[in-house]
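Enquirer: Below is query_14.pdb; it holds PDB, C-alpha atoms, pLDDT in the B column.
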ATOM      1  CA  LYS C   1       0.000   0.000   0.000  1.00 74.00           C
ATOM      2  CA  LYS C   2       1.788   3.071  -1.273  1.00 78.00           C
ATOM      3  CA  ASP C   3       1.135   6.595  -2.552  1.00 92.00           C
ATOM      4  CA  LEU C   4       3.071   7.874  -5.556  1.00 95.00           C
ATOM      5  CA  HIS C   5       3.127  11.577  -6.474  1.00 96.00           C
ATOM      6  CA  ILE C   6       4.390  12.478  -9.969  1.00 96.00           C
ATOM      7  CA  ILE C   7       4.941  16.155 -10.756  1.00 95.00           C
ATOM      8  CA  TYR C   8       5.552  17.374 -14.313  1.00 94.00           C
ATOM      9  CA  GLU C   9       7.093  20.857 -14.299  1.00 91.00           C
ATOM     10  CA  GLY C  10       8.873  21.313 -17.621  1.00 87.00           C
ATOM     11  CA  ASP C  11       9.921  24.966 -17.873  1.00 84.00           C
ATOM     12  CA  ASN C  12      11.168  24.907 -21.463  1.00 82.00           C
ATOM     13  CA  GLU C  13       8.811  25.230 -24.428  1.00 83.00           C
ATOM     14  CA  LYS C  14       9.677  21.873 -25.945  1.00 87.00           C
ATOM     15  CA  ASN C  15       8.146  18.447 -26.448  1.00 91.00           C
ATOM     16  CA  SER C  16       8.244  16.252 -23.335  1.00 91.00           C
ATOM     17  CA  CYS C  17       7.562  12.620 -24.271  1.00 94.00           C
ATOM     18  CA  ILE C  18       7.396  10.395 -21.202  1.00 95.00           C
ATOM     19  CA  ARG C  19       6.432   6.745 -20.641  1.00 97.00           C
ATOM     20  CA  ASN C  20       5.219   5.464 -17.282  1.00 97.00           C
ATOM     21  CA  LEU C  21       4.954   1.754 -16.546  1.00 97.00           C
ATOM     22  CA  PHE C  22       2.875   0.608 -13.568  1.00 96.00           C
ATOM     23  CA  VAL C  23       3.079  -3.109 -12.739  1.00 97.00           C
ATOM     24  CA  LEU C  24       0.863  -4.118  -9.838  1.00 96.00           C
ATOM     25  CA  GLU C  25       1.616  -7.472  -8.245  1.00 96.00           C
ATOM     26  CA  LYS C  26      -1.069  -9.710  -6.756  1.00 97.00           C
ATOM     27  CA  ASN C  27      -2.927  -8.197  -3.778  1.00 96.00           C
ATOM     28  CA  SER C  28      -1.061  -4.871  -4.080  1.00 96.00           C
ATOM     29  CA  GLU C  29      -2.584  -1.397  -3.707  1.00 95.00           C
ATOM     30  CA  ILE C  30      -1.331   1.977  -4.874  1.00 96.00           C
ATOM     31  CA  LYS C  31      -2.553   5.552  -5.223  1.00 96.00           C
ATOM     32  CA  VAL C  32      -0.973   7.602  -8.011  1.00 97.00           C
ATOM     33  CA  PHE C  33      -1.282  11.408  -8.156  1.00 97.00           C
ATOM     34  CA  GLU C  34      -0.104  13.270 -11.266  1.00 97.00           C
ATOM     35  CA  HIS C  35       0.172  17.076 -11.397  1.00 96.00           C
ATOM     36  CA  PHE C  36       0.968  19.036 -14.565  1.00 95.00           C
ATOM     37  CA  TYR C  37       2.646  22.461 -14.549  1.00 92.00           C
ATOM     38  CA  GLY C  38       5.005  24.428 -16.797  1.00 90.00           C
ATOM     39  CA  ASN C  39       5.520  25.370 -20.420  1.00 92.00           C
ATOM     40  CA  SER C  40       6.283  22.012 -22.032  1.00 92.00           C
ATOM     41  CA  LYS C  41       4.093  20.326 -24.611  1.00 94.00           C
ATOM     42  CA  TYR C  42       3.402  17.032 -22.841  1.00 95.00           C
ATOM     43  CA  ASN C  43       2.865  13.693 -24.573  1.00 96.00           C
ATOM     44  CA  ILE C  44       2.518  11.042 -21.866  1.00 96.00           C
ATOM     45  CA  VAL C  45       1.927   7.310 -22.237  1.00 98.00           C
ATOM     46  CA  SER C  46       1.107   5.362 -19.076  1.00 98.00           C
ATOM     47  CA  GLU C  47       0.810   1.573 -19.172  1.00 98.00           C
ATOM     48  CA  LEU C  48      -0.801  -0.467 -16.422  1.00 98.00           C
ATOM     49  CA  PHE C  49      -0.649  -4.197 -15.737  1.00 98.00           C
ATOM     50  CA  ALA C  50      -2.925  -5.022 -12.807  1.00 98.00           C
ATOM     51  CA  ALA C  51      -2.550  -8.586 -11.482  1.00 98.00           C
ATOM     52  CA  ASP C  52      -5.203 -10.537  -9.560  1.00 98.00           C
ATOM     53  CA  ASN C  53      -6.768  -8.716  -6.590  1.00 98.00           C
ATOM     54  CA  SER C  54      -4.721  -5.551  -7.157  1.00 97.00           C
ATOM     55  CA  LYS C  55      -6.068  -2.028  -6.768  1.00 97.00           C
ATOM     56  CA  LEU C  56      -5.116   1.277  -8.419  1.00 97.00           C
ATOM     57  CA  GLU C  57      -6.457   4.739  -7.658  1.00 97.00           C
ATOM     58  CA  HIS C  58      -5.172   7.250 -10.208  1.00 97.00           C
ATOM     59  CA  TYR C  59      -5.764  11.009 -10.015  1.00 97.00           C
ATOM     60  CA  LYS C  60      -4.571  13.487 -12.644  1.00 97.00           C
ATOM     61  CA  ILE C  61      -4.736  17.301 -12.355  1.00 96.00           C
ATOM     62  CA  ILE C  62      -3.813  19.552 -15.272  1.00 95.00           C
ATOM     63  CA  ASN C  63      -3.407  23.029 -13.848  1.00 91.00           C
ATOM     64  CA  GLN C  64      -4.566  26.294 -15.360  1.00 87.00           C
ATOM     65  CA  ASN C  65      -1.044  27.688 -15.809  1.00 85.00           C
ATOM     66  CA  ILE C  66      -0.093  25.038 -18.387  1.00 89.00           C
ATOM     67  CA  SER C  67       0.937  27.101 -21.413  1.00 89.00           C
ATOM     68  CA  ASN C  68       0.880  24.277 -23.960  1.00 92.00           C
ATOM     69  CA  SER C  69      -1.166  21.229 -24.936  1.00 94.00           C
ATOM     70  CA  VAL C  70      -1.294  17.976 -22.962  1.00 95.00           C
ATOM     71  CA  ILE C  71      -1.842  14.588 -24.600  1.00 96.00           C
ATOM     72  CA  TYR C  72      -2.228  11.725 -22.145  1.00 97.00           C
ATOM     73  CA  HIS C  73      -2.682   8.059 -23.096  1.00 98.00           C
ATOM     74  CA  PHE C  74      -3.537   5.455 -20.465  1.00 98.00           C
ATOM     75  CA  PHE C  75      -3.536   1.754 -21.394  1.00 98.00           C
ATOM     76  CA  GLY C  76      -4.506  -0.853 -18.810  1.00 98.00           C
ATOM     77  CA  ASN C  77      -4.749  -4.653 -18.660  1.00 98.00           C
ATOM     78  CA  CYS C  78      -6.818  -5.827 -15.700  1.00 98.00           C
ATOM     79  CA  LYS C  79      -6.806  -9.346 -14.291  1.00 98.00           C
ATOM     80  CA  LYS C  80      -9.166 -11.212 -11.958  1.00 97.00           C
ATOM     81  CA  ASN C  81     -10.756  -9.180  -9.122  1.00 98.00           C
ATOM     82  CA  SER C  82      -8.644  -6.105  -9.892  1.00 98.00           C
ATOM     83  CA  LYS C  83      -9.996  -2.603  -9.266  1.00 98.00           C
ATOM     84  CA  VAL C  84      -8.874   0.389 -11.321  1.00 98.00           C
ATOM     85  CA  LYS C  85     -10.094   3.957 -10.959  1.00 97.00           C
ATOM     86  CA  THR C  86      -8.745   6.939 -12.896  1.00 97.00           C
ATOM     87  CA  VAL C  87     -10.027  10.481 -12.269  1.00 97.00           C
ATOM     88  CA  ASN C  88      -9.015  13.460 -14.404  1.00 96.00           C
ATOM     89  CA  PHE C  89      -9.375  17.207 -13.795  1.00 96.00           C
ATOM     90  CA  SER C  90      -8.480  19.738 -16.485  1.00 95.00           C
ATOM     91  CA  PHE C  91      -8.292  23.467 -15.752  1.00 94.00           C
ATOM     92  CA  SER C  92      -6.099  24.329 -18.750  1.00 94.00           C
ATOM     93  CA  ASP C  93      -6.887  27.071 -21.257  1.00 93.00           C
ATOM     94  CA  ASN C  94      -5.122  24.973 -23.922  1.00 94.00           C
ATOM     95  CA  PRO C  95      -6.052  21.680 -25.633  1.00 95.00           C
ATOM     96  CA  VAL C  96      -6.049  18.585 -23.422  1.00 96.00           C
ATOM     97  CA  ARG C  97      -6.569  15.086 -24.794  1.00 96.00           C
ATOM     98  CA  ASN C  98      -7.273  12.340 -22.303  1.00 97.00           C
ATOM     99  CA  GLU C  99      -7.379   8.874 -23.916  1.00 97.00           C
ATOM    100  CA  ILE C 100      -8.069   5.756 -21.837  1.00 98.00           C
ATOM    101  CA  ASN C 101      -8.090   2.129 -22.989  1.00 98.00           C
ATOM    102  CA  LEU C 102      -8.879  -0.562 -20.413  1.00 98.00           C
ATOM    103  CA  TYR C 103      -9.028  -4.288 -21.145  1.00 98.00           C
ATOM    104  CA  LEU C 104     -10.832  -6.365 -18.511  1.00 98.00           C
ATOM    105  CA  GLU C 105      -9.156  -9.733 -18.990  1.00 97.00           C
ATOM    106  CA  GLY C 106     -10.222 -11.435 -15.741  1.00 96.00           C
ATOM    107  CA  THR C 107     -13.516 -12.056 -13.989  1.00 97.00           C
ATOM    108  CA  ASN C 108     -14.937  -9.583 -11.442  1.00 97.00           C
ATOM    109  CA  CYS C 109     -12.905  -6.583 -12.603  1.00 97.00           C
ATOM    110  CA  ASP C 110     -14.194  -3.207 -11.436  1.00 97.00           C
ATOM    111  CA  THR C 111     -13.164  -0.062 -13.331  1.00 98.00           C
ATOM    112  CA  THR C 112     -14.137   3.611 -13.093  1.00 97.00           C
ATOM    113  CA  VAL C 113     -13.212   6.457 -15.437  1.00 97.00           C
ATOM    114  CA  ALA C 114     -14.238   9.944 -14.279  1.00 97.00           C
ATOM    115  CA  SER C 115     -13.297  13.282 -15.800  1.00 96.00           C
ATOM    116  CA  MET C 116     -14.142  16.949 -15.237  1.00 96.00           C
ATOM    117  CA  GLY C 117     -13.085  19.604 -17.726  1.00 95.00           C
ATOM    118  CA  PHE C 118     -13.353  23.384 -17.318  1.00 95.00           C
ATOM    119  CA  GLY C 119     -13.019  25.349 -20.552  1.00 94.00           C
ATOM    120  CA  LYS C 120     -12.835  29.127 -20.207  1.00 93.00           C
ATOM    121  CA  LYS C 121     -11.287  30.354 -23.479  1.00 92.00           C
ATOM    122  CA  GLU C 122     -11.617  29.766 -27.201  1.00 93.00           C
ATOM    123  CA  SER C 123      -8.234  27.993 -27.124  1.00 93.00           C
ATOM    124  CA  SER C 124      -9.521  25.455 -24.584  1.00 93.00           C
ATOM    125  CA  ILE C 125     -10.419  21.975 -25.866  1.00 94.00           C
ATOM    126  CA  CYS C 126     -11.355  19.198 -23.432  1.00 95.00           C
ATOM    127  CA  ASP C 127     -11.074  15.930 -25.378  1.00 96.00           C
ATOM    128  CA  ASN C 128     -11.951  12.632 -23.654  1.00 96.00           C
ATOM    129  CA  THR C 129     -11.722   9.341 -25.543  1.00 97.00           C
ATOM    130  CA  VAL C 130     -12.543   6.206 -23.533  1.00 97.00           C
ATOM    131  CA  PHE C 131     -12.585   2.556 -24.641  1.00 97.00           C
ATOM    132  CA  ILE C 132     -13.392  -0.215 -22.157  1.00 98.00           C
ATOM    133  CA  SER C 133     -13.327  -3.818 -23.356  1.00 98.00           C
ATOM    134  CA  HIS C 134     -15.179  -6.438 -21.286  1.00 98.00           C
ATOM    135  CA  GLN C 135     -13.582  -9.775 -22.117  1.00 97.00           C
ATOM    136  CA  GLU C 136     -14.628 -11.930 -19.138  1.00 97.00           C
ATOM    137  CA  GLU C 137     -17.706 -12.480 -16.970  1.00 97.00           C
ATOM    138  CA  TYR C 138     -19.005 -10.439 -14.027  1.00 97.00           C
ATOM    139  CA  CYS C 139     -17.018  -7.277 -14.775  1.00 97.00           C
ATOM    140  CA  LYS C 140     -18.186  -3.765 -14.005  1.00 97.00           C
ATOM    141  CA  SER C 141     -17.235  -0.466 -15.641  1.00 97.00           C
ATOM    142  CA  ARG C 142     -18.329   3.153 -15.164  1.00 97.00           C
ATOM    143  CA  GLN C 143     -17.615   6.205 -17.316  1.00 97.00           C
ATOM    144  CA  ILE C 144     -18.578   9.645 -15.990  1.00 96.00           C
ATOM    145  CA  VAL C 145     -17.361  12.588 -18.075  1.00 96.00           C
ATOM    146  CA  LYS C 146     -18.495  16.173 -17.464  1.00 96.00           C
ATOM    147  CA  ASN C 147     -17.516  19.542 -18.893  1.00 96.00           C
ATOM    148  CA  ALA C 148     -18.355  23.148 -18.012  1.00 95.00           C
ATOM    149  CA  LEU C 149     -17.660  25.497 -20.923  1.00 95.00           C
ATOM    150  CA  LYS C 150     -17.745  29.216 -21.656  1.00 94.00           C
ATOM    151  CA  SER C 151     -16.197  31.895 -23.892  1.00 93.00           C
ATOM    152  CA  GLY C 152     -15.829  29.744 -27.006  1.00 94.00           C
ATOM    153  CA  ALA C 153     -14.399  26.639 -25.316  1.00 95.00           C
ATOM    154  CA  LYS C 154     -14.992  23.197 -26.843  1.00 96.00           C
ATOM    155  CA  ALA C 155     -15.276  19.670 -25.472  1.00 96.00           C
ATOM    156  CA  ILE C 156     -15.345  16.234 -27.074  1.00 96.00           C
ATOM    157  CA  PHE C 157     -16.405  12.873 -25.697  1.00 96.00           C
ATOM    158  CA  GLN C 158     -15.905   9.585 -27.544  1.00 96.00           C
ATOM    159  CA  GLY C 159     -16.793   6.681 -25.291  1.00 95.00           C
ATOM    160  CA  LYS C 160     -17.222   3.019 -26.074  1.00 96.00           C
ATOM    161  CA  ILE C 161     -18.160  -0.081 -24.097  1.00 97.00           C
ATOM    162  CA  PHE C 162     -17.248  -3.334 -25.850  1.00 97.00           C
ATOM    163  CA  VAL C 163     -18.657  -6.616 -24.520  1.00 97.00           C
ATOM    164  CA  ASP C 164     -17.230  -9.902 -25.804  1.00 97.00           C
ATOM    165  CA  SER C 165     -19.558 -12.864 -26.383  1.00 96.00           C
ATOM    166  CA  LYS C 166     -18.170 -14.666 -23.322  1.00 95.00           C
ATOM    167  CA  ALA C 167     -18.437 -11.621 -21.046  1.00 97.00           C
ATOM    168  CA  GLN C 168     -21.816 -12.505 -19.554  1.00 97.00           C
ATOM    169  CA  LYS C 169     -23.136 -10.646 -16.476  1.00 97.00           C
ATOM    170  CA  THR C 170     -21.376  -7.459 -17.593  1.00 97.00           C
ATOM    171  CA  ASN C 171     -22.444  -4.203 -15.948  1.00 97.00           C
ATOM    172  CA  GLY C 172     -21.424  -1.194 -18.022  1.00 97.00           C
ATOM    173  CA  TYR C 173     -22.421   2.434 -17.402  1.00 96.00           C
ATOM    174  CA  GLN C 174     -21.548   5.501 -19.440  1.00 96.00           C
ATOM    175  CA  LEU C 175     -22.561   9.128 -18.889  1.00 95.00           C
ATOM    176  CA  SER C 176     -21.396  12.354 -20.524  1.00 95.00           C
ATOM    177  CA  LYS C 177     -22.757  15.803 -19.682  1.00 95.00           C
ATOM    178  CA  ALA C 178     -21.857  19.347 -20.597  1.00 95.00           C
ATOM    179  CA  ILE C 179     -23.020  22.723 -19.338  1.00 94.00           C
ATOM    180  CA  LEU C 180     -22.703  25.504 -21.919  1.00 94.00           C
ATOM    181  CA  LEU C 181     -22.438  28.829 -20.111  1.00 91.00           C
ATOM    182  CA  ASN C 182     -22.333  30.866 -23.338  1.00 86.00           C
ATOM    183  CA  GLU C 183     -23.966  30.434 -26.720  1.00 84.00           C
ATOM    184  CA  ASN C 184     -20.671  30.189 -28.596  1.00 90.00           C
ATOM    185  CA  THR C 185     -19.439  27.062 -26.796  1.00 94.00           C
ATOM    186  CA  GLU C 186     -19.533  23.579 -28.281  1.00 94.00           C
ATOM    187  CA  PHE C 187     -19.795  19.975 -27.042  1.00 95.00           C
ATOM    188  CA  ASN C 188     -19.567  16.961 -29.358  1.00 95.00           C
ATOM    189  CA  ALA C 189     -20.433  13.518 -27.989  1.00 94.00           C
ATOM    190  CA  LYS C 190     -20.212  10.074 -29.544  1.00 94.00           C
ATOM    191  CA  PRO C 191     -21.302   7.377 -27.060  1.00 93.00           C
ATOM    192  CA  GLU C 192     -21.114   3.767 -28.269  1.00 94.00           C
ATOM    193  CA  LEU C 193     -22.124   0.292 -27.100  1.00 95.00           C
ATOM    194  CA  GLU C 194     -20.917  -2.818 -28.934  1.00 96.00           C
ATOM    195  CA  ILE C 195     -22.367  -5.909 -27.259  1.00 97.00           C
ATOM    196  CA  TYR C 196     -22.059  -9.568 -28.270  1.00 97.00           C
ATOM    197  CA  ALA C 197     -23.306 -11.175 -25.023  1.00 96.00           C
ATOM    198  CA  ASP C 198     -27.012 -11.552 -24.166  1.00 93.00           C
ATOM    199  CA  ASP C 199     -26.978 -11.400 -20.343  1.00 96.00           C
ATOM    200  CA  VAL C 200     -25.653  -7.919 -19.672  1.00 96.00           C
ATOM    201  CA  LYS C 201     -26.697  -4.583 -18.188  1.00 95.00           C
ATOM    202  CA  CYS C 202     -25.288  -1.680 -20.196  1.00 95.00           C
ATOM    203  CA  SER C 203     -26.483   1.901 -20.501  1.00 92.00           C
ATOM    204  CA  HIS C 204     -25.286   5.198 -21.877  1.00 91.00           C
ATOM    205  CA  GLY C 205     -26.546   8.751 -21.791  1.00 90.00           C
ATOM    206  CA  SER C 206     -25.396  12.130 -23.040  1.00 91.00           C
ATOM    207  CA  THR C 207     -26.896  15.549 -22.345  1.00 91.00           C
ATOM    208  CA  THR C 208     -25.941  19.103 -23.259  1.00 91.00           C
ATOM    209  CA  GLY C 209     -27.582  22.224 -21.943  1.00 90.00           C
ATOM    210  CA  GLN C 210     -27.456  25.314 -19.805  1.00 90.00           C
ATOM    211  CA  LEU C 211     -27.974  25.791 -16.100  1.00 87.00           C
ATOM    212  CA  ASP C 212     -31.573  25.247 -15.040  1.00 87.00           C
ATOM    213  CA  GLU C 213     -33.270  28.665 -14.971  1.00 89.00           C
ATOM    214  CA  GLN C 214     -36.064  27.378 -12.728  1.00 92.00           C
ATOM    215  CA  ALA C 215     -33.575  26.054 -10.170  1.00 91.00           C
ATOM    216  CA  LEU C 216     -31.731  29.390 -10.325  1.00 90.00           C
ATOM    217  CA  PHE C 217     -34.998  31.281  -9.717  1.00 93.00           C
ATOM    218  CA  TYR C 218     -35.933  28.917  -6.863  1.00 93.00           C
ATOM    219  CA  LEU C 219     -32.659  29.601  -5.045  1.00 93.00           C
ATOM    220  CA  GLN C 220     -32.833  33.362  -5.578  1.00 94.00           C
ATOM    221  CA  ALA C 221     -36.446  33.416  -4.354  1.00 94.00           C
ATOM    222  CA  ARG C 222     -35.146  32.091  -1.050  1.00 92.00           C
ATOM    223  CA  GLY C 223     -32.707  34.926  -0.512  1.00 93.00           C
ATOM    224  CA  ILE C 224     -29.614  33.404  -2.145  1.00 93.00           C
ATOM    225  CA  SER C 225     -27.681  35.798  -4.374  1.00 93.00           C
ATOM    226  CA  LYS C 226     -27.359  35.004  -8.068  1.00 91.00           C
ATOM    227  CA  VAL C 227     -23.600  34.387  -7.773  1.00 92.00           C
ATOM    228  CA  SER C 228     -24.068  32.021  -4.832  1.00 94.00           C
ATOM    229  CA  ALA C 229     -26.941  30.263  -6.629  1.00 93.00           C
ATOM    230  CA  LEU C 230     -24.776  29.738  -9.703  1.00 91.00           C
ATOM    231  CA  GLU C 231     -21.995  28.345  -7.499  1.00 91.00           C
ATOM    232  CA  LEU C 232     -24.409  25.917  -5.833  1.00 92.00           C
ATOM    233  CA  LEU C 233     -25.722  24.644  -9.168  1.00 92.00           C
ATOM    234  CA  MET C 234     -22.191  24.218 -10.538  1.00 91.00           C
ATOM    235  CA  ALA C 235     -21.116  22.418  -7.363  1.00 92.00           C
ATOM    236  CA  GLY C 236     -24.015  20.011  -7.801  1.00 91.00           C
ATOM    237  CA  PHE C 237     -22.999  19.415 -11.418  1.00 91.00           C
ATOM    238  CA  VAL C 238     -19.400  18.600 -10.433  1.00 92.00           C
ATOM    239  CA  GLN C 239     -20.304  16.485  -7.396  1.00 92.00           C
ATOM    240  CA  GLU C 240     -20.783  13.213  -9.282  1.00 91.00           C
ATOM    241  CA  VAL C 241     -17.139  13.353 -10.352  1.00 93.00           C
ATOM    242  CA  LEU C 242     -15.949  14.420  -6.899  1.00 93.00           C
ATOM    243  CA  ASN C 243     -17.734  11.430  -5.367  1.00 92.00           C
ATOM    244  CA  ASN C 244     -15.093   9.199  -6.955  1.00 91.00           C
ATOM    245  CA  ILE C 245     -12.322  10.711  -4.831  1.00 89.00           C
ATOM    246  CA  GLN C 246     -11.587   8.872  -1.604  1.00 81.00           C
TER
END
Could you rewrite the structure in this file as structure tokens?
Expert:
Amino acid sequence: KKDLHIIYEGDNEKNSCIRNLFVLEKNSEIKVFEHFYGNSKYNIVSELFAADNSKLEHYKIINQNISNSVIYHFFGNCKKNSKVKTVNFSFSDNPVRNEINLYLEGTNCDTTVASMGFGKKESSICDNTVFISHQEEYCKSRQIVKNALKSGAKAIFQGKIFVDSKAQKTNGYQLSKAILLNENTEFNAKPELEIYADDVKCSHGSTTGQLDEQALFYLQARGISKVSALELLMAGFVQEVLNNIQ
């Protein structure tokens, strides 16, 4: 049981190509925290091999002062009874691509992918691409991706749940939501299910909209200022992602 804190703080405006390899032995547990700072253009590839009964909690924070783009690829192979959770927060005003590929190769795997992106400028692009492949029975996966956008920011979600013919009793859940705080923002979603087993529970949903005007009026009618009401509604929107943090 260990905690690992990785800090990227490249000061030079150059390409930083880094490969991380995480090998979890049987019955091991680890928490990995990754923080991104600096002026580098990051291209990160992280590979995970999770053995039987292992557990990974992975948290990634891309800070607002990043002056370049961040491309992050996460590939994971999960064995029997392993648990993998990866949570991403992006505050950058520059493009961020977060690509996750998880292959559930043992029974009773449990995986969670959660992401929250805040886009505040026209140069901001929050791009989440998630592929989870259920290859054995009794596995569970969750995808929760949310974005709050304003001032010309854009967000993209491409999510797929694949269920092999032998992956019976699969439980797959996928949700993507975006709040557009200005008219000139944009959210593009492409949720997918590809299922070859007949005894599964899989669902996906995607919504795009503005803050609820009726809820805003309700709060203001009870003496809450407009700014505080907006903060409460935004906090409620973010909470489902925050719930995945221990």
Enquirer: Might you spell out which residues the PyMOL selection byres ((chain C and resi 144) around 8) would select in the displayed file, as a VMD selection string?
Expert: chain C and resid 113 to 115 142 to 143 145 to 146 174 to 176 240 to 241
Enquirer: Which polymer residues have any atom within 10 Å of an atom of range 151-153 of chain C, counting all atoms listed in the file, with same-chain residues fewer than 2 positions away left out, as a ChimeraX atom specification?
Expert: /C:93-95,118-126,148-149,155,180-187
Enquirer: On this file, the PyMOL selection byres ((chain C and resi 163) around 10) gives some set of residues; write that set as an NGL selection string.
Expert: :C and (104 or 132-137 or 139 or 160-162 or 164-168 or 170-172 or 193-198 or 200 or 202)
Enquirer: Please determine, counting all atoms listed in the file, which residue among C:Glu13, C:Glu34, C:Asp110, C:Asp3 has the shortest atom-to-atom distance to Asn53 in chain C.
Expert: C:Asp110
Enquirer: Please return, as a list in words, all polymer residues that have at least one atom within 10 Å of the point (7.7, 21.8, -10.3); use all atoms listed in the file and the file's own coordinate frame.
Expert: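 Output: Ile6, Ile7, Tyr8, Glu9, Gly10, Asp11, His35, Phe36, Tyr37 and Gly38 of chain C.
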Enquirer: Could you tell me how far CA of Asn81 in chain C sits from CA of Tyr103 in chain C, in Å to one decimal place?
Expert: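 Computed distance, CA of Tyr103 in chain C to CA of Asn81 in chain C, equals 13.1 Å.
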Enquirer: For the structure shown, which residues end up in the PyMOL selection byres ((chain C and resi 32) around 7)? Put them as a compact mmCIF listing (two decimals) with C-alpha atoms, in the coordinates of the input, please?
Expert:
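Now in part_23.txt:
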# COMPACT_ATOMS: atom_id res chain seq x y z
CA ASP C 3 1.14 6.60 -2.55
CA LEU C 4 3.07 7.87 -5.56
CA HIS C 5 3.13 11.58 -6.47
CA ILE C 30 -1.33 1.98 -4.87
CA LYS C 31 -2.55 5.55 -5.22
CA PHE C 33 -1.28 11.41 -8.16
CA GLU C 34 -0.10 13.27 -11.27
CA GLU C 57 -6.46 4.74 -7.66
CA HIS C 58 -5.17 7.25 -10.21
CA TYR C 59 -5.76 11.01 -10.02
Enquirer: Calculate how many Å separate CA of Glu47 in chain C from CA of Asn77 in chain C, rounding to one decimal.
Expert: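 If I compute the distance from CA of Glu47 in chain C to CA of Asn77 in chain C, I get 8.4 Å.
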Enquirer: Expressed in Å to a single decimal, how great is the separation between CA of Tyr42 in chain C and CA of Gly117 in chain C?
Expert: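 Interatomic distance here is 17.5 Å.
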Enquirer: Output, as JSON, the centre and edge lengths in Å (one decimal) of the axis-aligned box that contains all listed atoms of range 135-144 of chain C with 3 Å of margin on each side.
Expert:
{"center_x": -16.3, "center_y": -1.4, "center_z": -18.1, "size_x": 11.4, "size_y": 28.1, "size_z": 14.1}
Enquirer: Which residue is closest to Phe49 in chain C? Choose from C:Leu21, C:Val96, C:Leu211, C:Val130 and count only C-alpha atoms.
Expert: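 That would be C:Leu21, the residue with the smallest distance to Phe49 in chain C.
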Enquirer: With a distance cut-off of 9 Å and all atoms listed in the file, select the neighbouring residues of Arg97 in chain C, excluding the residue or stretch itself and same-chain residues fewer than 6 positions from it, and output the selection as a PyMOL selection string.
Expert: chain C and resi 69-73+125-129
Enquirer: Let me make sure I understand: among C:Lys55, C:Lys41, C:Lys140, C:Arg19, which one has the smallest atom-to-atom distance to Lys1 in chain C if we use all atoms listed in the file?
Expert: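 Nearest to Lys1 in chain C: C:Lys55.
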Enquirer: Within 12 Å of range 231-235 of chain C, counting only C-alpha atoms, which residues show up once you throw out same-chain ones fewer than 4 positions away? Write them as a ChimeraX atom specification, please.
Expert: /C:116,118,146-149,178-181,210-220,224-227,239-243
Enquirer: Using only C-alpha atoms, which of C:Lys154, C:Ser228, C:Ser67, C:Gly159 sits nearest Tyr173 in chain C?
Expert: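 Among the listed residues, the smallest separation from Tyr173 in chain C belongs to C:Gly159.
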Enquirer: Of the candidates C:Ile156, C:Tyr138, C:Leu230, C:Val84, which shows the shortest atom-to-atom distance to Glu99 in chain C, using all atoms listed in the file?
Expert: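 Result for the nearest residue to Glu99 in chain C: C:Ile156.
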Enquirer: Counting all atoms listed in the file, what is within 9 Å of Ser82 in chain C, bar same-chain residues fewer than 3 positions away, as a PDB file with C-alpha atoms, keeping the file's coordinate frame?
Expert:
ATOM      1  CA  LYS C  26      -1.069  -9.710  -6.756  1.00 97.00           C
ATOM      2  CA  ASN C  27      -2.927  -8.197  -3.778  1.00 96.00           C
ATOM      3  CA  ALA C  50      -2.925  -5.022 -12.807  1.00 98.00           C
ATOM      4  CA  ALA C  51      -2.550  -8.586 -11.482  1.00 98.00           C
ATOM      5  CA  ASP C  52      -5.203 -10.537  -9.560  1.00 98.00           C
ATOM      6  CA  ASN C  53      -6.768  -8.716  -6.590  1.00 98.00           C
ATOM      7  CA  SER C  54      -4.721  -5.551  -7.157  1.00 97.00           C
ATOM      8  CA  LYS C  55      -6.068  -2.028  -6.768  1.00 97.00           C
ATOM      9  CA  LEU C  56      -5.116   1.277  -8.419  1.00 97.00           C
ATOM     10  CA  CYS C  78      -6.818  -5.827 -15.700  1.00 98.00           C
ATOM     11  CA  LYS C  79      -6.806  -9.346 -14.291  1.00 98.00           C
ATOM     12  CA  LEU C 104     -10.832  -6.365 -18.511  1.00 98.00           C
ATOM     13  CA  GLY C 106     -10.222 -11.435 -15.741  1.00 96.00           C
ATOM     14  CA  THR C 107     -13.516 -12.056 -13.989  1.00 97.00           C
ATOM     15  CA  ASN C 108     -14.937  -9.583 -11.442  1.00 97.00           C
ATOM     16  CA  CYS C 109     -12.905  -6.583 -12.603  1.00 97.00           C
ATOM     17  CA  ASP C 110     -14.194  -3.207 -11.436  1.00 97.00           C
ATOM     18  CA  THR C 111     -13.164  -0.062 -13.331  1.00 98.00           C
TER      19      THR C 111
END
Enquirer: Using all atoms listed in the file, can you tell me which of C:Phe91, C:Phe237, C:Phe22, C:Phe131 comes closest to Ile66 in chain C?
Expert: C:Phe91
